[in-house]
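Report on one structure; see the data block that follows.
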Amino acid sequence: MAVKWADDWEASGATDPMTRPKLCPWLRGQRGPYDGLVAAAVDRLGRQVVDCLDTGCKMRDECELLVTYGHGGAWDLDDQLDENRFTMQAWGVQMELRAIQRRDRNANEKTRAAGRPKGKPSYGFQYVRTAAPLPTSTGRCRSVPRCRVTARR
């Protein structure tokens, strides 16, 4: 059995799965045959009910597996209970997205009213990347970037 993946950790869950550069080719069948889709959670499939259901129904209709963490095995969207649970999780994901959007919108309004249109701290900041060697179990060192906040004058 060959395992291949679409590593789209940087893609937001709010992005339509069919427009994600690394996942879309798999969903459209451009990367060859595959047996299913594994995601960290339902919210990684999409942040809108319609995106989650479109992806889930595509997997069901093409007899491919759909697996997410926290669910005991593959989703069976032909089963009423699994279909309802999947839909409820997708609905919860969409409600979370709306809450995030509302919170961001309110924070932007507040920072604009305070005279900080970009939301940056009034004292200024500068990111400085440094690398610190960390020991690994093999005795070798690897470099891990760290961010340090410094005040500008």
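All residue names refer to the structure tokens as shown: chains lettered A, B, ... in order, residues numbered from 1 in each chain, ligands numbered from 1 in order.
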
Per residue of segment 10-78 of chain A within 9 Å of segment 96-105 of chain A, record the nearest atom pair and its distance in Å to one decimal, counting only C-alpha atoms, with rows in chain order and ascending residue number, as CSV.
residue,atom,partner,partner_atom,distance
A:Ala14,CA,A:Leu97,CA,7.7
A:Arg47,CA,A:Leu97,CA,6.4
A:Gln48,CA,A:Leu97,CA,8.0

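The nearest approach to Lys22 of chain A among the residues A:Gly72, A:Asn108, A:Trp9, A:Ala113, with only C-alpha atoms taken into account, belongs to A:Trp9.
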
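Considering the residues A:Asp51, A:Leu45, A:His71, A:Glu10 and counting only C-alpha atoms, Arg85 of chain A has its shortest atom-to-atom contact with A:His71.
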
Original post:
Residues at most 10 Å from Ala41 of chain A, counting only C-alpha atoms, excluding those fewer than 5 positions away in the same chain, as JSON, numbers by chain?
Top reply: {"A": [46, 67, 68, 69, 70, 71, 89, 90, 93]}

**OP:** Please identify which residues in segment 2-123 of chain A DSSP calls alpha helix (DSSP H) from the backbone, and express them as number ranges by chain.
**Re:** A: 24-27, 49-61, 80-113

Those selected residues, please, written with N, CA and C atoms and delivered as a compact mmCIF listing (two decimals), in the first residue's frame.
# COMPACT_ATOMS: atom_id res chain seq x y z
N CYS A 24 -6.57 20.20 -3.87
CA CYS A 24 -7.46 20.20 -5.04
C CYS A 24 -7.09 19.17 -6.10
N PRO A 25 -5.81 19.04 -6.48
CA PRO A 25 -5.48 18.03 -7.51
C PRO A 25 -5.88 16.61 -7.11
N TRP A 26 -5.79 16.30 -5.81
CA TRP A 26 -6.21 14.98 -5.35
C TRP A 26 -7.72 14.84 -5.48
N LEU A 27 -8.47 15.85 -5.03
CA LEU A 27 -9.93 15.77 -5.07
C LEU A 27 -10.44 15.71 -6.51
N VAL A 49 -20.36 24.84 6.24
CA VAL A 49 -21.10 23.59 6.18
C VAL A 49 -21.07 23.03 4.76
N VAL A 50 -21.28 23.89 3.79
CA VAL A 50 -21.35 23.43 2.40
C VAL A 50 -20.03 22.82 1.94
N ASP A 51 -18.89 23.40 2.33
CA ASP A 51 -17.58 22.85 1.94
C ASP A 51 -17.36 21.47 2.56
N CYS A 52 -17.68 21.35 3.84
CA CYS A 52 -17.51 20.06 4.53
C CYS A 52 -18.42 19.00 3.90
N LEU A 53 -19.67 19.36 3.68
CA LEU A 53 -20.61 18.40 3.10
C LEU A 53 -20.25 18.05 1.66
N ASP A 54 -19.80 19.02 0.88
CA ASP A 54 -19.38 18.72 -0.49
C ASP A 54 -18.24 17.70 -0.50
N THR A 55 -17.25 17.93 0.36
CA THR A 55 -16.10 17.02 0.42
C THR A 55 -16.53 15.66 0.95
N GLY A 56 -17.34 15.65 2.01
CA GLY A 56 -17.82 14.39 2.58
C GLY A 56 -18.66 13.60 1.59
N CYS A 57 -19.56 14.26 0.91
CA CYS A 57 -20.42 13.58 -0.07
C CYS A 57 -19.62 13.09 -1.27
N LYS A 58 -18.59 13.83 -1.65
CA LYS A 58 -17.72 13.38 -2.74
C LYS A 58 -17.04 12.07 -2.35
N MET A 59 -16.54 12.01 -1.11
CA MET A 59 -15.89 10.79 -0.65
C MET A 59 -16.89 9.63 -0.61
N ARG A 60 -18.10 9.91 -0.13
CA ARG A 60 -19.13 8.87 -0.06
C ARG A 60 -19.52 8.39 -1.46
N ASP A 61 -19.78 9.32 -2.35
CA ASP A 61 -20.25 8.96 -3.70
C ASP A 61 -19.21 8.19 -4.49
N GLN A 80 -27.36 7.25 8.93
CA GLN A 80 -28.01 8.49 9.38
C GLN A 80 -27.30 9.12 10.58
N LEU A 81 -26.90 8.31 11.53
CA LEU A 81 -26.24 8.83 12.73
C LEU A 81 -24.91 9.49 12.38
N ASP A 82 -24.09 8.82 11.57
CA ASP A 82 -22.81 9.40 11.16
C ASP A 82 -23.02 10.66 10.33
N GLU A 83 -23.99 10.63 9.44
CA GLU A 83 -24.27 11.80 8.61
C GLU A 83 -24.69 12.99 9.47
N ASN A 84 -25.55 12.75 10.45
CA ASN A 84 -25.99 13.83 11.34
C ASN A 84 -24.83 14.35 12.20
N ARG A 85 -24.01 13.45 12.71
CA ARG A 85 -22.87 13.87 13.54
C ARG A 85 -21.88 14.70 12.71
N PHE A 86 -21.61 14.26 11.47
CA PHE A 86 -20.72 14.98 10.59
C PHE A 86 -21.28 16.38 10.29
N THR A 87 -22.58 16.44 10.01
CA THR A 87 -23.23 17.72 9.71
C THR A 87 -23.19 18.65 10.92
N MET A 88 -23.42 18.10 12.12
CA MET A 88 -23.37 18.94 13.33
C MET A 88 -21.96 19.47 13.57
N GLN A 89 -20.94 18.65 13.32
CA GLN A 89 -19.57 19.14 13.49
C GLN A 89 -19.27 20.23 12.46
N ALA A 90 -19.74 20.04 11.24
CA ALA A 90 -19.54 21.07 10.21
C ALA A 90 -20.26 22.36 10.58
N TRP A 91 -21.44 22.24 11.14
CA TRP A 91 -22.20 23.42 11.57
C TRP A 91 -21.46 24.14 12.70
N GLY A 92 -20.92 23.38 13.64
CA GLY A 92 -20.14 23.97 14.73
C GLY A 92 -18.92 24.70 14.21
N VAL A 93 -18.28 24.13 13.20
CA VAL A 93 -17.11 24.74 12.58
C VAL A 93 -17.49 26.08 11.95
N GLN A 94 -18.63 26.12 11.26
CA GLN A 94 -19.08 27.37 10.63
C GLN A 94 -19.42 28.42 11.69
N MET A 95 -20.05 28.00 12.79
CA MET A 95 -20.36 28.95 13.86
C MET A 95 -19.07 29.51 14.45
N GLU A 96 -18.06 28.66 14.60
CA GLU A 96 -16.77 29.13 15.11
C GLU A 96 -16.15 30.15 14.16
N LEU A 97 -16.22 29.89 12.85
CA LEU A 97 -15.69 30.83 11.87
C LEU A 97 -16.39 32.18 11.99
N ARG A 98 -17.71 32.17 12.11
CA ARG A 98 -18.46 33.42 12.23
C ARG A 98 -18.07 34.17 13.51
N ALA A 99 -17.84 33.45 14.60
CA ALA A 99 -17.42 34.09 15.85
C ALA A 99 -16.03 34.73 15.70
N ILE A 100 -15.12 34.04 15.02
CA ILE A 100 -13.78 34.58 14.78
C ILE A 100 -13.87 35.83 13.92
N GLN A 101 -14.67 35.77 12.86
CA GLN A 101 -14.83 36.93 11.99
C GLN A 101 -15.41 38.12 12.74
N ARG A 102 -16.41 37.86 13.59
CA ARG A 102 -17.02 38.94 14.38
C ARG A 102 -16.02 39.53 15.36
N ARG A 103 -15.25 38.66 16.02
CA ARG A 103 -14.24 39.14 16.98
C ARG A 103 -13.17 39.98 16.27
N ASP A 104 -12.71 39.52 15.10
CA ASP A 104 -11.72 40.29 14.34
C ASP A 104 -12.27 41.63 13.89
N ARG A 105 -13.50 41.62 13.41
CA ARG A 105 -14.13 42.87 12.96
C ARG A 105 -14.25 43.86 14.12
N ASN A 106 -14.68 43.38 15.29
CA ASN A 106 -14.80 44.25 16.46
C ASN A 106 -13.43 44.78 16.91
N ALA A 107 -12.40 43.91 16.87
CA ALA A 107 -11.06 44.35 17.26
C ALA A 107 -10.53 45.40 16.29
N ASN A 108 -10.80 45.23 15.00
CA ASN A 108 -10.36 46.22 14.00
C ASN A 108 -11.04 47.56 14.24
N GLU A 109 -12.32 47.54 14.53
CA GLU A 109 -13.05 48.78 14.81
C GLU A 109 -12.48 49.47 16.04
N LYS A 110 -12.16 48.67 17.06
CA LYS A 110 -11.63 49.22 18.31
C LYS A 110 -10.24 49.84 18.09
N THR A 111 -9.36 49.16 17.34
CA THR A 111 -8.02 49.70 17.12
C THR A 111 -8.07 50.94 16.22
N ARG A 112 -8.98 50.97 15.25
CA ARG A 112 -9.12 52.17 14.41
C ARG A 112 -9.57 53.36 15.26
N ALA A 113 -10.52 53.11 16.16
CA ALA A 113 -11.02 54.18 17.03
C ALA A 113 -9.92 54.67 17.97

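If you measure from each of A:Arg116, A:Gly29, A:Arg44, A:Ala39 to Ser12 of chain A using only C-alpha atoms, the closest one turns out to be A:Arg44.
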
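Between atom CA of Asp43 of chain A and atom CA of Ala11 of chain A the interatomic distance comes to 11.9 Å.
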
**OP:** Please indicate the distance in Å from atom CA of Asp35 of chain A to atom CA of Leu65 of chain A, rounded to one decimal place.
**Re:** 6.1 Å
